[in-house]
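Working notes for the structure below.
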Amino acid sequence: MIKVASYNMRKSIGTDRRRRPERTLQVLCEINADIVALQEADRRFGERSAVLTGHLLAEHSDYKAIPFGTKARSMGWHGNALLVRKDATILDCEAIHLPALEPRGAVMADVRLASGSVIRVVGMHLDLSGLWRRRQAHAIITHLQASTHQHPTILMGDLNEWSAQSGCLRDFASHFTFAGTGKSFHARRPMAKLDRIMASPELTFTGAGVHDSLQARTASDHLPIWATIKL
């Protein structure tokens with residue numbers, strides 16, 4: 001059994017308009033997931049510096065960021081990042097280039113957990129345009145299918161899809177199972193399931209939900225989502 005989570009952390013700018021990385025980290029510690037996919041993890045301009053610094057993670061959490069070797073001070077790729085427990089082993093990782101009019105991407109990693117199980121994780125933040133979301137979903141699915149080594153796979157992120165059964169959700173549903181996580185946007189008054197967790201057929205969801213704590217309601221405009229999975 002493992003617990004995973006996805007969180008559009010909005011560069012740690014809360015609904016009170018204050019940037020407080022330590023508050024974001026507190027929310028992650030509340031969830032206590034084994035693997036976390038983050039969106040909007042880097043600052044938007046300049047050197048695209050990570051909001052949750054390596055020092056902050058090392059001193060105040062049980063997480064480490066998977067290095068994707070992009071910009072020197074960034075945590076991930078186009079704001080997408082993956083956190084794993086410090087005792088996990090990173091077997092492979094890469095950034096996935098996605099077709100887009102604006103900078104978009106996804107990240108993928110193969111992780112050996114402390115239990116010895118190997119899991120593949122994909123984190124993503126898809127486009128605001130429905131047409132480009134479908135193209136991006138197709139690119140991710142094609143990339144996974146073309147991989148030389150296949151592993152049980154979890155996909156997480158902000159899909160920006162408001163429709164319940166069409167668009168990129170239907171494309172992903174042809175290959176993966178969705179967790180019943182619930183509405184995560186807007187954090188103050190959740191109205192839409194923009195954030196999603198999916199898994200390949202050999203994995204089984206045993207629980208799922210939205211983390212709706214006092215800190216989470218103010219730390220970002222999205223609430224984090226989580227799921228427990230039987231390997």
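Just remember, in the structure tokens the first chain shown is A, the second B, etc., residues are 1-based per chain, and ligands are 1-based in the order shown.
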Item checked: Those in stretch 20-163 of chain A with strand (DSSP E or B) from DSSP, as a PyMOL selection string -> chain A and resi 35-39+42+50+63-65+77+80-85+89-97+105-112+118-125+153-158
Check: Can you list, as a count of residues only, every residue of stretch 111-150 of chain A that DSSP puts in alpha helix (DSSP H)?
Finding: 16
Neighbouring residues of stretch 106-116 of chain A were defined as those with any atom within 8 Å, considering only C-alpha atoms; residues of the same chain fewer than 2 positions away were excluded. Please report them as a PDB file with N, CA, C and O atoms, in the first residue's frame.
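To be explicit, this is the file written out as part36.pdb:
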```pdb
ATOM      1  N   ILE A  66      12.924  14.934  -6.995  1.00  0.00           N
ATOM      2  CA  ILE A  66      13.601  14.195  -8.064  1.00  0.00           C
ATOM      3  C   ILE A  66      14.239  15.203  -9.014  1.00  0.00           C
ATOM      4  O   ILE A  66      13.561  16.110  -9.510  1.00  0.00           O
ATOM      5  N   PHE A  68      15.514  16.696 -12.359  1.00  0.00           N
ATOM      6  CA  PHE A  68      15.295  16.476 -13.786  1.00  0.00           C
ATOM      7  C   PHE A  68      16.329  17.177 -14.665  1.00  0.00           C
ATOM      8  O   PHE A  68      16.260  17.108 -15.885  1.00  0.00           O
ATOM      9  N   GLY A  76      11.631  21.381 -10.975  1.00  0.00           N
ATOM     10  CA  GLY A  76      11.090  20.452 -11.957  1.00  0.00           C
ATOM     11  C   GLY A  76      11.188  20.960 -13.373  1.00  0.00           C
ATOM     12  O   GLY A  76      12.179  21.592 -13.765  1.00  0.00           O
ATOM     13  N   TRP A  77      10.148  20.716 -14.149  1.00  0.00           N
ATOM     14  CA  TRP A  77      10.106  21.054 -15.565  1.00  0.00           C
ATOM     15  C   TRP A  77       8.802  21.778 -15.848  1.00  0.00           C
ATOM     16  O   TRP A  77       7.727  21.217 -15.675  1.00  0.00           O
ATOM     17  N   HIS A  78       8.913  23.045 -16.268  1.00  0.00           N
ATOM     18  CA  HIS A  78       7.733  23.887 -16.474  1.00  0.00           C
ATOM     19  C   HIS A  78       6.807  23.865 -15.252  1.00  0.00           C
ATOM     20  O   HIS A  78       5.581  23.810 -15.384  1.00  0.00           O
ATOM     21  N   ASN A  80       6.379  21.514 -13.072  1.00  0.00           N
ATOM     22  CA  ASN A  80       6.005  20.176 -12.609  1.00  0.00           C
ATOM     23  C   ASN A  80       7.169  19.550 -11.844  1.00  0.00           C
ATOM     24  O   ASN A  80       8.306  19.562 -12.319  1.00  0.00           O
ATOM     25  N   ALA A  81       6.884  19.010 -10.677  1.00  0.00           N
ATOM     26  CA  ALA A  81       7.923  18.404  -9.851  1.00  0.00           C
ATOM     27  C   ALA A  81       7.375  17.165  -9.161  1.00  0.00           C
ATOM     28  O   ALA A  81       6.159  17.009  -9.000  1.00  0.00           O
ATOM     29  N   LEU A  82       8.277  16.285  -8.762  1.00  0.00           N
ATOM     30  CA  LEU A  82       7.914  15.064  -8.033  1.00  0.00           C
ATOM     31  C   LEU A  82       8.734  14.995  -6.758  1.00  0.00           C
ATOM     32  O   LEU A  82       9.953  15.169  -6.772  1.00  0.00           O
ATOM     33  N   ASP A  87      14.047   7.789   1.693  1.00  0.00           N
ATOM     34  CA  ASP A  87      14.565   6.420   1.594  1.00  0.00           C
ATOM     35  C   ASP A  87      14.201   5.745   0.276  1.00  0.00           C
ATOM     36  O   ASP A  87      14.535   4.577   0.053  1.00  0.00           O
ATOM     37  N   ALA A  88      13.520   6.452  -0.630  1.00  0.00           N
ATOM     38  CA  ALA A  88      13.199   5.895  -1.943  1.00  0.00           C
ATOM     39  C   ALA A  88      14.408   6.030  -2.868  1.00  0.00           C
ATOM     40  O   ALA A  88      15.224   6.939  -2.726  1.00  0.00           O
ATOM     41  N   THR A  89      14.511   5.115  -3.839  1.00  0.00           N
ATOM     42  CA  THR A  89      15.603   5.131  -4.805  1.00  0.00           C
ATOM     43  C   THR A  89      15.067   5.538  -6.168  1.00  0.00           C
ATOM     44  O   THR A  89      14.103   4.949  -6.659  1.00  0.00           O
ATOM     45  N   ILE A  90      15.685   6.522  -6.779  1.00  0.00           N
ATOM     46  CA  ILE A  90      15.265   6.995  -8.100  1.00  0.00           C
ATOM     47  C   ILE A  90      16.024   6.205  -9.155  1.00  0.00           C
ATOM     48  O   ILE A  90      17.239   6.349  -9.299  1.00  0.00           O
ATOM     49  N   LEU A  91      15.324   5.362  -9.901  1.00  0.00           N
ATOM     50  CA  LEU A  91      15.951   4.514 -10.903  1.00  0.00           C
ATOM     51  C   LEU A  91      16.141   5.238 -12.232  1.00  0.00           C
ATOM     52  O   LEU A  91      17.132   5.011 -12.934  1.00  0.00           O
ATOM     53  N   ASP A  92      15.200   6.077 -12.590  1.00  0.00           N
ATOM     54  CA  ASP A  92      15.266   6.799 -13.850  1.00  0.00           C
ATOM     55  C   ASP A  92      14.301   7.980 -13.780  1.00  0.00           C
ATOM     56  O   ASP A  92      13.302   7.918 -13.047  1.00  0.00           O
ATOM     57  N   CYS A  93      14.607   9.036 -14.512  1.00  0.00           N
ATOM     58  CA  CYS A  93      13.690  10.175 -14.562  1.00  0.00           C
ATOM     59  C   CYS A  93      13.933  10.960 -15.838  1.00  0.00           C
ATOM     60  O   CYS A  93      15.031  10.952 -16.390  1.00  0.00           O
ATOM     61  N   GLU A  94      12.887  11.619 -16.302  1.00  0.00           N
ATOM     62  CA  GLU A  94      13.003  12.424 -17.510  1.00  0.00           C
ATOM     63  C   GLU A  94      11.858  13.424 -17.588  1.00  0.00           C
ATOM     64  O   GLU A  94      10.792  13.233 -17.001  1.00  0.00           O
ATOM     65  N   ALA A  95      12.116  14.508 -18.324  1.00  0.00           N
ATOM     66  CA  ALA A  95      11.081  15.480 -18.638  1.00  0.00           C
ATOM     67  C   ALA A  95      10.423  15.078 -19.947  1.00  0.00           C
ATOM     68  O   ALA A  95      11.082  14.570 -20.856  1.00  0.00           O
ATOM     69  N   ILE A  96       9.109  15.265 -20.028  1.00  0.00           N
ATOM     70  CA  ILE A  96       8.361  14.931 -21.245  1.00  0.00           C
ATOM     71  C   ILE A  96       7.924  16.241 -21.901  1.00  0.00           C
ATOM     72  O   ILE A  96       7.202  17.034 -21.295  1.00  0.00           O
ATOM     73  N   HIS A  97       8.372  16.459 -23.123  1.00  0.00           N
ATOM     74  CA  HIS A  97       7.978  17.657 -23.861  1.00  0.00           C
ATOM     75  C   HIS A  97       6.573  17.450 -24.424  1.00  0.00           C
ATOM     76  O   HIS A  97       6.280  16.420 -25.030  1.00  0.00           O
ATOM     77  N   LEU A  98       5.714  18.440 -24.223  1.00  0.00           N
ATOM     78  CA  LEU A  98       4.339  18.348 -24.683  1.00  0.00           C
ATOM     79  C   LEU A  98       4.058  19.407 -25.752  1.00  0.00           C
ATOM     80  O   LEU A  98       4.586  20.517 -25.681  1.00  0.00           O
ATOM     81  N   ARG A 104       4.487  24.105 -21.689  1.00  0.00           N
ATOM     82  CA  ARG A 104       3.848  23.046 -20.908  1.00  0.00           C
ATOM     83  C   ARG A 104       4.738  21.812 -20.951  1.00  0.00           C
ATOM     84  O   ARG A 104       5.477  21.590 -21.915  1.00  0.00           O
ATOM     85  N   VAL A 118       8.683  -1.244  -7.406  1.00  0.00           N
ATOM     86  CA  VAL A 118       9.038  -0.204  -8.374  1.00  0.00           C
ATOM     87  C   VAL A 118       7.765   0.356  -8.979  1.00  0.00           C
ATOM     88  O   VAL A 118       6.895  -0.394  -9.427  1.00  0.00           O
ATOM     89  N   ILE A 119       7.654   1.668  -8.990  1.00  0.00           N
ATOM     90  CA  ILE A 119       6.474   2.336  -9.505  1.00  0.00           C
ATOM     91  C   ILE A 119       6.899   3.444 -10.460  1.00  0.00           C
ATOM     92  O   ILE A 119       7.922   4.095 -10.239  1.00  0.00           O
ATOM     93  N   ARG A 120       6.157   3.621 -11.526  1.00  0.00           N
ATOM     94  CA  ARG A 120       6.397   4.739 -12.445  1.00  0.00           C
ATOM     95  C   ARG A 120       5.387   5.843 -12.145  1.00  0.00           C
ATOM     96  O   ARG A 120       4.188   5.572 -11.998  1.00  0.00           O
ATOM     97  N   VAL A 121       5.870   7.070 -12.065  1.00  0.00           N
ATOM     98  CA  VAL A 121       5.015   8.201 -11.715  1.00  0.00           C
ATOM     99  C   VAL A 121       5.145   9.279 -12.780  1.00  0.00           C
ATOM    100  O   VAL A 121       6.254   9.608 -13.209  1.00  0.00           O
ATOM    101  N   VAL A 122       4.006   9.828 -13.191  1.00  0.00           N
ATOM    102  CA  VAL A 122       3.980  10.929 -14.143  1.00  0.00           C
ATOM    103  C   VAL A 122       3.238  12.096 -13.505  1.00  0.00           C
ATOM    104  O   VAL A 122       2.136  11.928 -12.984  1.00  0.00           O
ATOM    105  N   GLY A 123       3.865  13.263 -13.511  1.00  0.00           N
ATOM    106  CA  GLY A 123       3.225  14.479 -13.046  1.00  0.00           C
ATOM    107  C   GLY A 123       3.004  15.414 -14.214  1.00  0.00           C
ATOM    108  O   GLY A 123       3.867  15.529 -15.093  1.00  0.00           O
ATOM    109  N   MET A 124       1.860  16.111 -14.242  1.00  0.00           N
ATOM    110  CA  MET A 124       1.523  16.938 -15.401  1.00  0.00           C
ATOM    111  C   MET A 124       0.676  18.143 -15.009  1.00  0.00           C
ATOM    112  O   MET A 124       0.022  18.156 -13.962  1.00  0.00           O
ATOM    113  N   HIS A 125       0.704  19.151 -15.878  1.00  0.00           N
ATOM    114  CA  HIS A 125      -0.170  20.317 -15.769  1.00  0.00           C
ATOM    115  C   HIS A 125      -0.574  20.659 -17.193  1.00  0.00           C
ATOM    116  O   HIS A 125       0.228  21.206 -17.954  1.00  0.00           O
ATOM    117  N   ILE A 140       1.451  12.043 -23.868  1.00  0.00           N
ATOM    118  CA  ILE A 140       1.850  11.325 -22.657  1.00  0.00           C
ATOM    119  C   ILE A 140       1.581   9.833 -22.800  1.00  0.00           C
ATOM    120  O   ILE A 140       2.428   8.991 -22.474  1.00  0.00           O
ATOM    121  N   HIS A 151       6.359  -0.404 -16.250  1.00  0.00           N
ATOM    122  CA  HIS A 151       6.149  -0.554 -14.810  1.00  0.00           C
ATOM    123  C   HIS A 151       4.719  -0.136 -14.472  1.00  0.00           C
ATOM    124  O   HIS A 151       4.091   0.621 -15.232  1.00  0.00           O
TER     125      HIS A 151
END
```
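Among the candidate residues A:His222, A:Lys11, A:Arg73, A:Arg20, the one lying nearest to A:Met191 is A:His222, with distances computed using only C-alpha atoms.
Among the candidates A:Gln39, A:Thr15, A:Ser213, A:Ser129, the residue lying nearest to A:Leu83 is A:Gln39 (atoms considered: only C-alpha atoms).
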